[in-house]
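Chemist: Handing over model36.cif, mmCIF, C-alpha atoms.
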data_work
#
loop_
_atom_site.label_atom_id
_atom_site.label_comp_id
_atom_site.auth_asym_id
_atom_site.auth_seq_id
_atom_site.Cartn_x
_atom_site.Cartn_y
_atom_site.Cartn_z
CA MET A 1 39.18 19.62 43.89
CA GLU A 2 38.38 22.98 42.28
CA TRP A 3 34.75 22.13 41.60
CA GLN A 4 34.52 20.63 45.09
CA VAL A 5 35.51 24.04 46.49
CA ILE A 6 32.78 25.79 44.44
CA ILE A 7 30.16 23.27 45.57
CA VAL A 8 31.14 23.61 49.24
CA LEU A 9 31.32 27.42 49.14
CA PHE A 10 28.13 28.24 47.29
CA GLY A 11 26.22 25.09 48.29
CA SER A 12 26.70 25.72 52.01
CA PHE A 13 26.05 29.46 51.58
CA PHE A 14 22.67 28.99 49.90
CA LEU A 15 21.82 26.13 52.29
CA PHE A 16 22.36 28.41 55.30
CA LEU A 17 20.33 31.17 53.63
CA GLY A 18 17.51 28.71 53.03
CA LEU A 19 17.61 27.73 56.71
CA GLY A 20 17.17 31.37 57.71
CA VAL A 21 20.73 31.96 58.98
CA PRO A 22 21.60 35.72 58.91
CA ILE A 23 23.48 36.46 55.71
CA SER A 24 26.68 37.65 57.45
CA PHE A 25 26.95 34.37 59.37
CA ALA A 26 26.04 32.36 56.26
CA ILE A 27 28.92 34.01 54.37
CA GLY A 28 31.37 33.54 57.25
CA ILE A 29 30.54 29.87 57.89
CA ALA A 30 30.58 29.01 54.17
CA SER A 31 34.00 30.66 53.84
CA LEU A 32 35.32 28.78 56.87
CA LEU A 33 34.11 25.41 55.53
CA THR A 34 35.77 26.17 52.17
CA VAL A 35 39.14 27.08 53.71
CA MET A 36 38.97 23.92 55.86
CA LEU A 37 39.23 21.88 52.66
CA SER A 38 42.91 22.87 52.48
CA LEU A 39 43.79 23.94 56.05
CA PRO A 40 43.26 22.52 59.57
CA PHE A 41 40.38 23.98 61.59
CA ASP A 42 42.59 26.21 63.80
CA ALA A 43 44.48 27.63 60.83
CA ALA A 44 41.24 28.18 58.88
CA ILE A 45 39.73 30.12 61.80
CA ALA A 46 42.87 32.25 62.06
CA VAL A 47 42.94 33.01 58.33
CA ILE A 48 39.25 33.99 58.09
CA SER A 49 39.49 36.12 61.26
CA GLN A 50 42.59 37.87 59.94
CA LYS A 51 40.96 38.58 56.57
CA MET A 52 37.82 39.95 58.26
CA ALA A 53 39.88 42.28 60.47
CA SER A 54 42.19 43.47 57.69
CA GLY A 55 39.21 44.02 55.39
CA LEU A 56 37.72 46.49 57.84
CA ASP A 57 41.03 48.33 58.34
CA SER A 58 40.28 50.97 55.74
CA PHE A 59 40.10 54.77 55.98
CA ALA A 60 37.49 54.84 53.20
CA LEU A 61 35.10 52.72 55.31
CA LEU A 62 34.85 55.53 57.87
CA ALA A 63 32.57 57.28 55.38
CA ILE A 64 29.87 54.63 55.83
CA PRO A 65 28.93 55.31 59.50
CA PHE A 66 29.03 59.07 58.88
CA PHE A 67 26.81 58.91 55.79
CA ILE A 68 24.43 56.54 57.62
CA LEU A 69 24.20 58.99 60.52
CA ALA A 70 23.68 61.94 58.17
CA GLY A 71 20.96 60.00 56.35
CA ASN A 72 19.14 59.12 59.58
CA ILE A 73 19.23 62.76 60.71
CA MET A 74 17.82 63.84 57.35
CA ASN A 75 15.14 61.13 57.43
CA GLN A 76 13.72 62.61 60.63
CA GLY A 77 14.43 66.23 59.77
CA GLY A 78 11.32 67.05 57.74
CA ILE A 79 13.19 66.78 54.46
CA ALA A 80 10.79 64.53 52.52
CA ILE A 81 7.80 66.86 52.51
CA ARG A 82 9.93 69.83 51.41
CA LEU A 83 11.44 67.86 48.54
CA ILE A 84 7.99 66.63 47.48
CA GLU A 85 6.72 70.21 47.37
CA PHE A 86 9.76 71.20 45.30
CA ALA A 87 9.21 68.20 42.99
CA LYS A 88 5.68 69.49 42.35
CA VAL A 89 7.25 72.66 41.00
CA LEU A 90 9.45 70.63 38.62
CA GLY A 91 6.98 68.01 37.41
CA GLY A 92 3.58 69.31 38.37
CA ARG A 93 2.38 70.19 34.85
CA LEU A 94 3.08 66.81 33.22
CA PRO A 95 0.37 64.16 32.59
CA GLY A 96 0.00 62.11 35.76
CA SER A 97 1.86 64.85 37.59
CA LEU A 98 1.81 63.17 41.01
CA ALA A 99 3.56 60.11 39.57
CA HIS A 100 6.32 62.36 38.21
CA VAL A 101 6.51 64.12 41.56
CA ASN A 102 6.99 60.74 43.23
CA VAL A 103 9.91 59.86 40.93
CA LEU A 104 11.59 63.27 41.25
CA ALA A 105 11.18 63.31 45.04
CA ASN A 106 12.69 59.82 45.29
CA MET A 107 15.65 60.90 43.15
CA MET A 108 16.35 63.85 45.43
CA PHE A 109 15.53 62.26 48.79
CA GLY A 110 17.32 59.02 47.93
CA ALA A 111 20.44 60.93 46.96
CA ILE A 112 20.38 62.92 50.21
CA SER A 113 19.52 60.02 52.55
CA GLY A 114 21.50 57.35 50.68
CA SER A 115 18.79 54.77 51.38
CA ALA A 116 16.28 53.35 48.90
CA VAL A 117 14.18 51.87 51.71
CA ALA A 118 14.04 55.18 53.63
CA SER A 119 13.08 56.94 50.40
CA ALA A 120 10.32 54.43 49.64
CA ALA A 121 8.90 54.86 53.13
CA ALA A 122 9.22 58.65 53.46
CA VAL A 123 8.21 59.70 49.95
CA GLY A 124 5.78 56.85 49.31
CA GLY A 125 4.09 57.33 52.67
CA THR A 126 3.43 60.97 51.80
CA MET A 127 2.51 60.49 48.13
CA ALA A 128 0.22 57.44 48.40
CA PRO A 129 -2.71 59.26 50.11
CA LEU A 130 -2.38 62.24 47.72
CA GLN A 131 -2.44 59.98 44.66
CA LYS A 132 -5.37 57.97 45.97
CA LYS A 133 -7.33 61.18 46.56
CA GLU A 134 -6.69 62.21 42.92
CA GLY A 135 -8.03 58.88 41.63
CA TYR A 136 -4.75 57.07 40.93
CA ASP A 137 -4.79 53.27 41.05
CA PRO A 138 -2.99 52.40 44.34
CA ALA A 139 -1.12 49.53 42.63
CA PHE A 140 0.18 51.91 39.92
CA SER A 141 1.23 54.46 42.57
CA ALA A 142 3.04 51.75 44.51
CA ALA A 143 4.81 50.53 41.35
CA VAL A 144 6.08 54.06 40.59
CA ASN A 145 7.35 54.50 44.15
CA ILE A 146 8.97 51.05 44.35
CA THR A 147 10.91 51.33 41.10
CA SER A 148 12.01 54.95 41.59
CA CYS A 149 13.27 54.74 45.19
CA PRO A 150 16.59 53.03 44.16
CA THR A 151 17.58 56.00 41.95
CA GLY A 152 19.29 57.55 44.98
CA LEU A 153 21.67 54.59 45.12
CA LEU A 154 23.23 55.85 41.87
CA ILE A 155 23.01 59.59 42.56
CA PRO A 156 25.70 60.44 45.16
CA PRO A 157 26.55 60.38 47.95
CA SER A 158 26.08 56.60 47.90
CA ASN A 159 27.33 54.06 50.45
CA THR A 160 27.06 51.42 47.75
CA PHE A 161 29.87 53.06 45.77
CA ILE A 162 32.04 53.22 48.89
CA VAL A 163 31.60 49.48 49.44
CA TYR A 164 32.35 48.79 45.78
CA SER A 165 35.47 50.97 45.92
CA LEU A 166 36.79 48.89 48.83
CA ILE A 167 36.01 45.47 47.35
CA SER A 168 37.33 46.42 43.89
CA GLY A 169 40.76 47.36 45.21
CA GLY A 170 40.49 51.11 45.57
CA THR A 171 38.47 52.41 42.61
CA SER A 172 38.18 56.20 42.93
CA ILE A 173 35.14 57.07 45.06
CA GLY A 174 35.03 60.55 43.54
CA ALA A 175 34.92 59.06 40.04
CA LEU A 176 32.18 56.64 41.08
CA PHE A 177 30.16 59.47 42.65
CA LEU A 178 30.41 61.59 39.51
CA GLY A 179 29.82 58.62 37.22
CA GLY A 180 26.53 57.79 38.94
CA TYR A 181 24.78 61.05 38.02
CA ILE A 182 23.88 60.37 34.38
CA PRO A 183 22.83 56.70 34.91
CA GLY A 184 20.82 57.74 38.00
CA MET A 185 19.01 60.47 36.07
CA LEU A 186 18.54 58.09 33.12
CA MET A 187 16.92 55.63 35.52
CA GLY A 188 14.53 58.26 36.85
CA LEU A 189 13.67 59.80 33.46
CA SER A 190 12.97 56.38 31.91
CA LEU A 191 10.51 55.66 34.72
CA MET A 192 8.87 59.06 34.18
CA LEU A 193 8.36 58.24 30.49
CA VAL A 194 6.51 55.03 31.31
CA ALA A 195 4.55 56.65 34.14
CA GLY A 196 3.56 59.57 31.88
CA PHE A 197 2.43 57.26 29.08
CA ILE A 198 0.28 55.15 31.42
CA ALA A 199 -1.09 58.22 33.22
CA LYS A 200 -2.09 59.94 29.97
CA ARG A 201 -3.79 56.79 28.70
CA ARG A 202 -5.76 56.49 31.94
CA GLY A 203 -6.58 60.18 32.11
CA TYR A 204 -4.95 60.94 35.45
CA PRO A 205 -5.19 64.65 36.36
CA VAL A 206 -2.58 67.37 35.95
CA SER A 207 -1.84 69.43 39.05
CA PRO A 208 -2.80 73.12 39.01
CA LYS A 209 -0.05 75.53 37.98
CA PRO A 210 1.56 77.04 41.11
CA SER A 211 1.86 80.79 41.47
CA GLY A 212 5.22 82.53 41.26
CA SER A 213 5.30 83.09 45.02
CA GLU A 214 4.60 79.39 45.65
CA VAL A 215 7.43 78.38 43.32
CA MET A 216 9.87 80.66 45.11
CA LYS A 217 8.78 79.51 48.58
CA LYS A 218 8.96 75.80 47.76
CA THR A 219 12.33 76.23 46.07
CA TRP A 220 13.67 78.19 49.03
CA ASP A 221 12.44 75.55 51.50
CA ALA A 222 14.14 72.73 49.59
CA LEU A 223 17.34 74.57 48.73
CA PRO A 224 19.18 73.95 52.06
CA SER A 225 18.58 70.19 51.74
CA LEU A 226 19.69 70.05 48.10
CA SER A 227 22.74 72.13 48.95
CA LEU A 228 24.14 69.13 50.85
CA ILE A 229 24.87 67.43 47.52
CA VAL A 230 26.53 70.61 46.20
CA VAL A 231 28.70 70.91 49.33
CA ILE A 232 29.81 67.28 49.22
CA MET A 233 30.43 66.95 45.49
CA GLY A 234 31.89 70.46 45.19
CA GLY A 235 34.38 69.67 47.93
CA ILE A 236 35.37 66.32 46.41
CA ILE A 237 35.68 67.66 42.85
CA GLY A 238 37.57 70.74 44.02
CA GLY A 239 40.01 68.63 46.02
CA ILE A 240 39.05 70.39 49.25
CA PHE A 241 38.34 67.12 51.07
CA THR A 242 38.15 63.38 50.44
CA ALA A 243 34.93 61.35 50.30
CA THR A 244 35.57 60.18 53.87
CA GLU A 245 36.04 63.73 55.13
CA ALA A 246 32.95 64.74 53.15
CA SER A 247 30.90 62.23 55.14
CA ALA A 248 31.86 63.92 58.42
CA ILE A 249 31.01 67.32 56.94
CA ALA A 250 27.65 65.88 55.87
CA VAL A 251 26.88 64.99 59.51
CA VAL A 252 27.69 68.52 60.71
CA TYR A 253 25.63 70.04 57.87
CA THR A 254 22.59 67.83 58.47
CA LEU A 255 22.74 68.47 62.22
CA LEU A 256 22.66 72.22 61.67
CA LEU A 257 19.91 71.84 59.10
CA ALA A 258 17.62 69.53 61.10
CA VAL A 259 18.22 70.97 64.59
CA VAL A 260 18.81 74.68 63.95
CA PHE A 261 17.38 75.62 60.54
CA TYR A 262 14.32 73.36 60.13
CA ARG A 263 13.97 72.61 63.86
CA GLU A 264 12.40 69.22 63.11
CA VAL A 265 14.85 67.27 65.32
CA SER A 266 15.38 68.06 69.00
CA ILE A 267 18.54 67.48 71.01
CA LYS A 268 16.66 64.79 72.99
CA GLN A 269 16.12 62.77 69.78
CA LEU A 270 19.81 62.64 68.87
CA PRO A 271 20.78 59.69 71.16
CA SER A 272 18.14 57.46 69.55
CA ILE A 273 19.21 58.56 66.05
CA ILE A 274 22.86 57.83 66.89
CA LEU A 275 21.95 54.43 68.36
CA GLU A 276 19.98 53.53 65.23
CA SER A 277 22.96 54.56 63.11
CA VAL A 278 25.34 52.46 65.22
CA VAL A 279 23.14 49.37 64.80
CA THR A 280 22.90 49.87 61.02
CA THR A 281 26.65 50.48 60.74
CA SER A 282 27.41 47.33 62.75
CA ILE A 283 25.27 45.23 60.43
CA VAL A 284 26.91 46.67 57.31
CA LEU A 285 30.48 46.35 58.62
CA LEU A 286 29.95 42.78 59.83
CA LEU A 287 28.69 41.96 56.36
CA ILE A 288 31.71 43.61 54.75
CA GLY A 289 34.14 41.80 57.05
CA ALA A 290 32.54 38.41 56.39
CA SER A 291 32.53 39.07 52.66
CA MET A 292 36.26 39.86 52.76
CA GLY A 293 36.80 36.38 54.14
CA MET A 294 34.71 34.90 51.33
CA SER A 295 36.58 36.96 48.73
CA TRP A 296 39.88 35.55 49.97
CA ALA A 297 38.51 32.01 49.96
CA MET A 298 37.33 32.44 46.36
CA ALA A 299 40.62 33.97 45.24
CA ASN A 300 42.63 31.25 47.03
CA ALA A 301 40.64 28.60 45.15
CA ASP A 302 40.93 30.47 41.80
CA ILE A 303 37.13 30.58 41.54
CA PRO A 304 37.02 33.89 39.58
CA TYR A 305 39.38 32.44 36.96
CA MET A 306 37.34 29.24 36.71
CA ILE A 307 34.16 31.24 36.12
CA SER A 308 36.00 33.46 33.63
CA ASP A 309 37.17 30.39 31.70
CA ALA A 310 33.61 29.02 31.74
CA LEU A 311 32.21 32.26 30.32
CA VAL A 312 34.89 32.45 27.63
CA ALA A 313 34.08 28.85 26.73
CA VAL A 314 30.49 29.94 26.07
CA SER A 315 31.54 32.88 23.87
CA ASP A 316 34.52 35.16 23.30
CA ASN A 317 32.22 38.00 22.23
CA PRO A 318 32.35 40.82 24.87
CA ILE A 319 28.71 41.74 24.22
CA ILE A 320 27.55 38.19 24.91
CA ILE A 321 29.70 37.89 28.05
CA LEU A 322 28.37 41.20 29.45
CA LEU A 323 24.81 40.10 28.69
CA ILE A 324 25.44 36.84 30.58
CA ILE A 325 26.89 38.75 33.55
CA ASN A 326 23.88 41.05 33.59
CA VAL A 327 21.44 38.13 33.45
CA ILE A 328 23.25 36.39 36.32
CA LEU A 329 23.20 39.58 38.41
CA LEU A 330 19.50 40.18 37.68
CA VAL A 331 18.74 36.65 38.88
CA VAL A 332 20.99 37.11 41.93
CA GLY A 333 19.20 40.38 42.74
CA ILE A 334 15.88 38.54 42.88
CA PHE A 335 17.10 36.34 45.73
CA MET A 336 19.77 38.44 47.48
CA ASP A 337 19.92 41.94 48.90
CA MET A 338 22.12 44.50 47.19
CA THR A 339 25.10 44.86 49.55
CA PRO A 340 25.91 41.15 50.00
CA ALA A 341 25.45 40.56 46.26
CA LEU A 342 27.88 43.40 45.53
CA LEU A 343 30.40 42.07 48.03
CA ILE A 344 30.24 38.48 46.80
CA PHE A 345 30.08 38.92 43.03
CA THR A 346 32.37 41.92 42.46
CA PRO A 347 35.54 39.80 42.99
CA ILE A 348 34.13 37.23 40.55
CA PHE A 349 32.98 39.44 37.69
CA LEU A 350 35.25 42.51 37.90
CA PRO A 351 38.39 40.67 36.66
CA ILE A 352 36.34 39.29 33.75
CA ALA A 353 35.02 42.75 32.86
CA MET A 354 38.51 44.29 33.07
CA ASP A 355 39.88 41.57 30.79
CA LEU A 356 37.25 42.73 28.28
CA GLY A 357 38.63 46.27 28.58
CA MET A 358 35.84 47.60 30.80
CA ASP A 359 36.75 50.41 33.19
CA PRO A 360 36.18 49.52 36.90
CA VAL A 361 34.13 52.73 37.39
CA HIS A 362 31.89 51.78 34.47
CA PHE A 363 31.52 48.22 35.77
CA GLY A 364 30.71 49.39 39.31
CA ILE A 365 27.94 51.65 38.06
CA MET A 366 26.57 48.93 35.79
CA MET A 367 26.58 46.46 38.69
CA THR A 368 24.93 48.93 41.07
CA PHE A 369 22.24 49.75 38.49
CA ASN A 370 21.63 46.04 37.93
CA LEU A 371 21.33 45.15 41.61
CA ALA A 372 19.16 48.23 42.25
CA ILE A 373 16.55 46.57 40.04
CA GLY A 374 16.76 43.50 42.28
CA ILE A 375 15.56 45.34 45.40
CA CYS A 376 12.30 46.08 43.54
CA THR A 377 11.61 42.44 42.67
CA PRO A 378 9.94 39.60 44.58
CA PRO A 379 10.51 37.51 46.64
CA VAL A 380 13.07 39.39 48.80
CA GLY A 381 13.10 42.94 47.40
CA SER A 382 13.25 45.29 50.38
CA ALA A 383 11.89 48.25 48.39
CA LEU A 384 9.00 46.08 47.17
CA PHE A 385 7.88 45.22 50.71
CA ILE A 386 8.21 48.78 52.02
CA GLY A 387 6.50 50.27 48.95
CA CYS A 388 3.55 47.89 49.21
CA SER A 389 3.32 48.48 52.96
CA VAL A 390 3.10 52.29 52.78
CA ALA A 391 0.67 52.11 49.84
CA LYS A 392 -1.45 49.49 51.65
CA VAL A 393 -1.40 47.23 48.57
CA LYS A 394 -0.78 43.48 48.47
CA ILE A 395 2.32 42.33 46.61
CA ASP A 396 0.36 40.16 44.18
CA LYS A 397 -1.69 43.21 43.12
CA VAL A 398 1.39 45.29 42.28
CA VAL A 399 3.38 42.72 40.27
CA LYS A 400 1.52 43.34 36.97
CA PRO A 401 1.78 47.18 37.17
CA LEU A 402 5.51 46.75 37.86
CA LEU A 403 6.20 44.90 34.57
CA PRO A 404 6.43 47.92 32.20
CA PHE A 405 8.71 49.66 34.72
CA TYR A 406 10.95 46.58 34.92
CA ALA A 407 11.13 46.53 31.12
CA VAL A 408 12.28 50.15 30.82
CA LEU A 409 14.77 49.71 33.68
CA ILE A 410 16.36 46.76 31.88
CA LEU A 411 16.49 48.81 28.66
CA ALA A 412 18.23 51.63 30.57
CA LEU A 413 20.61 49.06 32.10
CA MET A 414 21.58 47.91 28.60
CA LEU A 415 22.33 51.52 27.62
CA VAL A 416 24.54 51.96 30.70
CA THR A 417 26.28 48.64 29.98
CA PHE A 418 27.10 49.24 26.33
CA ILE A 419 27.62 53.04 26.29
CA PRO A 420 30.60 53.60 28.63
CA GLN A 421 30.48 57.40 28.32
CA LEU A 422 27.20 57.52 30.22
CA SER A 423 29.27 56.52 33.26
CA LEU A 424 32.66 57.98 32.38
CA ALA A 425 31.92 61.37 30.81
CA LEU A 426 31.61 63.32 34.08
CA PRO A 427 34.63 61.71 35.84
CA GLN A 428 36.73 62.43 32.75
CA PHE A 429 35.52 66.03 32.51
CA PHE A 430 35.82 67.02 36.18
CA LEU A 431 38.62 64.76 37.42
CA GLY A 432 40.53 63.95 34.26
CA TYR A 433 39.87 60.30 35.07
#
Would you write out, as structure tokens, the structure that this file holds?
Modeler:
Amino acid sequence: MEWQVIIVLFGSFFLFLGLGVPISFAIGIASLLTVMLSLPFDAAIAVISQKMASGLDSFALLAIPFFILAGNIMNQGGIAIRLIEFAKVLGGRLPGSLAHVNVLANMMFGAISGSAVASAAAVGGTMAPLQKKEGYDPAFSAAVNITSCPTGLLIPPSNTFIVYSLISGGTSIGALFLGGYIPGMLMGLSLMLVAGFIAKRRGYPVSPKPSGSEVMKKTWDALPSLSLIVVIMGGIIGGIFTATEASAIAVVYTLLLAVVFYREVSIKQLPSIILESVVTTSIVLLLIGASMGMSWAMANADIPYMISDALVAVSDNPIIILLIINVILLVVGIFMDMTPALLIFTPIFLPIAMDLGMDPVHFGIMMTFNLAIGICTPPVGSALFIGCSVAKVKIDKVVKPLLPFYAVLILALMLVTFIPQLSLALPQFFLGY
């Protein structure tokens, strides 16, 4: 009976995905079919509906629509070009300077907007013509942009950590936000090392040294945007407001910045920005609600414990088990987008990781890092498609240049997995976690 439940749940889920059913509906229908193995149809409908509704009844989830709205305001507020100019100040004298600028700009813009796809489009769309003009191979430029745009998913504020906090049973959002800084910067710096090595070998040019006045102007222009992170994290660390309250403050701050300070967004544009945010929020929350139903169905059938027993049967060595989990998640990331993968596999693997003595903050950051690699990989990587589109490069041309970047990302993932302090040092220092 137990294996029958697993076959029905995951078999029907992947069948519906293969048929092109939207992932939220695929999750919901698969969960319903699984519950129907033990309950009548009417009772199964009632249970899944109740779990979906109760799963969305969370104060922490209010942060998601606010951060999405703040990100959309920032995306249209002229932020990208200012951060790119500031990134030139930081990385402009390194070999292959425009590649380093691309990575640094993605780290900053991704953190502010909270979206890897928006970062790939905004930063990549600006950098691709500049790099082409300087003689960079378009496929190499696209590979740098594609692999660096997910860095903002680890550097807070991040909606991904909010979702993980909910699905993991209330892991501290503040601790997750702080814990993401070092792994996020490690991700970006590792990409810069590879990009610099390739750029130096190919002889890509170094940007001219900016004058002192240019440095001051570009820093001043970017400072209000970067201050958003300081306001949010300073308030959370100082106990002034919660992560949810911080999201509302982020909306007010970005409105003032985009409408009053930068004057890149007009009052007439706000209804369309709000509507876009509502649509995105609806998609995310429907996905979360459906995944709550699947989580209950899995827990009711003891699926996490069955998988845990299967892993322990393979090996009782924690290193081997964590390697297996990482390999499974890397494979999952190839075929599934980040949010549904997080929602489905956190209830399965988190209990196993905690049994090994792994902190839930550490595991959440490891899982986010892992799945961030997945959005850069074919065949369904959203960052891959956007990055190739803005660079005007075919996917088959960019796969080979991506390989060394994939390799260093996996190496960085192993460091994050097996060195807990990379994720826990800042939460312990600032929050006493």
Chemist: Take the PyMOL selection byres ((chain A and resi 193-210) around 10), apply it to the structure above, and return the hits as a PyMOL selection string.
Modeler: chain A and resi 88-89+91-100+103+131+134-137+140-141+143-144+188-192+211-216+401+404-405+407-408
Chemist: Which is closer to Ile64 of chain A than all the others in A:Ala116, A:Thr151, A:Ala139, A:Ser165, using all atoms listed in the file?
Modeler: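 So, comparing all the options, the nearest one is A:Ser165.
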Chemist: If you apply the PyMOL selection byres ((chain A and resi 270) around 12) to this file, what residues do you get, as a VMD selection string?
Modeler: chain A and resid 69 to 70 72 to 74 76 to 77 251 254 to 255 258 to 259 264 to 269 271 to 277
Chemist: Taking only C-alpha atoms into account, which of A:Thr147, A:Gln50, A:Ser291, A:Ser119 comes nearest Gly381 of chain A?
Modeler: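 Closest to Gly381 of chain A, using only C-alpha atoms: A:Thr147.
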Chemist: The PyMOL selection byres ((chain A and resi 310-320) around 12) - which residues does that actually catch in the file I just gave you? List them as a compact mmCIF listing (two decimals) with C-alpha atoms, in the coordinates of the input.
Modeler:
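The new file expr-v4.txt reads:
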# COMPACT_ATOMS: atom_id res chain seq x y z
CA ILE A 303 37.13 30.58 41.54
CA PRO A 304 37.02 33.89 39.58
CA TYR A 305 39.38 32.44 36.96
CA MET A 306 37.34 29.24 36.71
CA ILE A 307 34.16 31.24 36.12
CA SER A 308 36.00 33.46 33.63
CA ASP A 309 37.17 30.39 31.70
CA ILE A 321 29.70 37.89 28.05
CA LEU A 322 28.37 41.20 29.45
CA LEU A 323 24.81 40.10 28.69
CA ILE A 324 25.44 36.84 30.58
CA ILE A 325 26.89 38.75 33.55
CA ASN A 326 23.88 41.05 33.59
CA VAL A 327 21.44 38.13 33.45
CA ILE A 328 23.25 36.39 36.32
CA ILE A 348 34.13 37.23 40.55
CA PHE A 349 32.98 39.44 37.69
CA ILE A 352 36.34 39.29 33.75
CA ALA A 353 35.02 42.75 32.86
CA MET A 354 38.51 44.29 33.07
CA ASP A 355 39.88 41.57 30.79
CA LEU A 356 37.25 42.73 28.28
CA GLY A 357 38.63 46.27 28.58
CA MET A 358 35.84 47.60 30.80
CA MET A 414 21.58 47.91 28.60
CA THR A 417 26.28 48.64 29.98
CA PHE A 418 27.10 49.24 26.33
CA ILE A 419 27.62 53.04 26.29
Chemist: Please identify all polymer residues lying at most 9 Å from the point (3.7, 52.2, 52.3) (file coordinates), using only C-alpha atoms, and present the result as a PyMOL selection string.
Modeler: chain A and resi 120-122+124-126+128+142+385-393
Chemist: Since we have the selection now, will you write its residues out, keeping C-alpha atoms, as a PDB file, in the frame of the given file?
Modeler:
ATOM      1  CA  ALA A 120      10.320  54.430  49.640  1.00  0.00           C
ATOM      2  CA  ALA A 121       8.900  54.860  53.130  1.00  0.00           C
ATOM      3  CA  ALA A 122       9.220  58.650  53.460  1.00  0.00           C
ATOM      4  CA  GLY A 124       5.780  56.850  49.310  1.00  0.00           C
ATOM      5  CA  GLY A 125       4.090  57.330  52.670  1.00  0.00           C
ATOM      6  CA  THR A 126       3.430  60.970  51.800  1.00  0.00           C
ATOM      7  CA  ALA A 128       0.220  57.440  48.400  1.00  0.00           C
ATOM      8  CA  ALA A 142       3.040  51.750  44.510  1.00  0.00           C
ATOM      9  CA  PHE A 385       7.880  45.220  50.710  1.00  0.00           C
ATOM     10  CA  ILE A 386       8.210  48.780  52.020  1.00  0.00           C
ATOM     11  CA  GLY A 387       6.500  50.270  48.950  1.00  0.00           C
ATOM     12  CA  CYS A 388       3.550  47.890  49.210  1.00  0.00           C
ATOM     13  CA  SER A 389       3.320  48.480  52.960  1.00  0.00           C
ATOM     14  CA  VAL A 390       3.100  52.290  52.780  1.00  0.00           C
ATOM     15  CA  ALA A 391       0.670  52.110  49.840  1.00  0.00           C
ATOM     16  CA  LYS A 392      -1.450  49.490  51.650  1.00  0.00           C
ATOM     17  CA  VAL A 393      -1.400  47.230  48.570  1.00  0.00           C
TER      18      VAL A 393
END
Chemist: Which one is closest to Val163 of chain A: A:Phe59, A:Tyr253, A:Tyr262, A:Phe16? Count only C-alpha atoms.
Modeler: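 Checking each of A:Phe59, A:Tyr253, A:Tyr262, A:Phe16 against Val163 of chain A, counting only C-alpha atoms, the winner is A:Phe59.
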Chemist: With distances taken over all atoms listed in the file, which of A:Phe67, A:Phe109, A:Phe86, A:Tyr406 is nearest to Pro378 of chain A?
Modeler: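 Of the candidates, the smallest distance to Pro378 of chain A is held by A:Tyr406.
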Chemist: Pick out the closest residue to Ile68 of chain A from this set: A:Leu403, A:Pro129, A:Ser158, A:Leu415. Count all atoms listed in the file.
Modeler: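 Closest candidate: A:Ser158.
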Chemist: So how far away is atom CA of Leu62 of chain A from atom CA of Ser227 of chain A, in Å?
Modeler: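 These two atoms are separated by 22.4 Å.
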Chemist: So what do you get for atom CA of Thr34 of chain A versus atom CA of Thr280 of chain A, distance-wise?
Modeler: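 Taking atom CA of Thr34 of chain A and atom CA of Thr280 of chain A, their separation equals 28.4 Å.
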Chemist: Residues around (23.5, 48.2, 34.8), cut-off 10 Å, counting all atoms listed in the file - what are they as a PyMOL selection string?
Modeler: chain A and resi 183+187+326+329-330+362-373+409-418
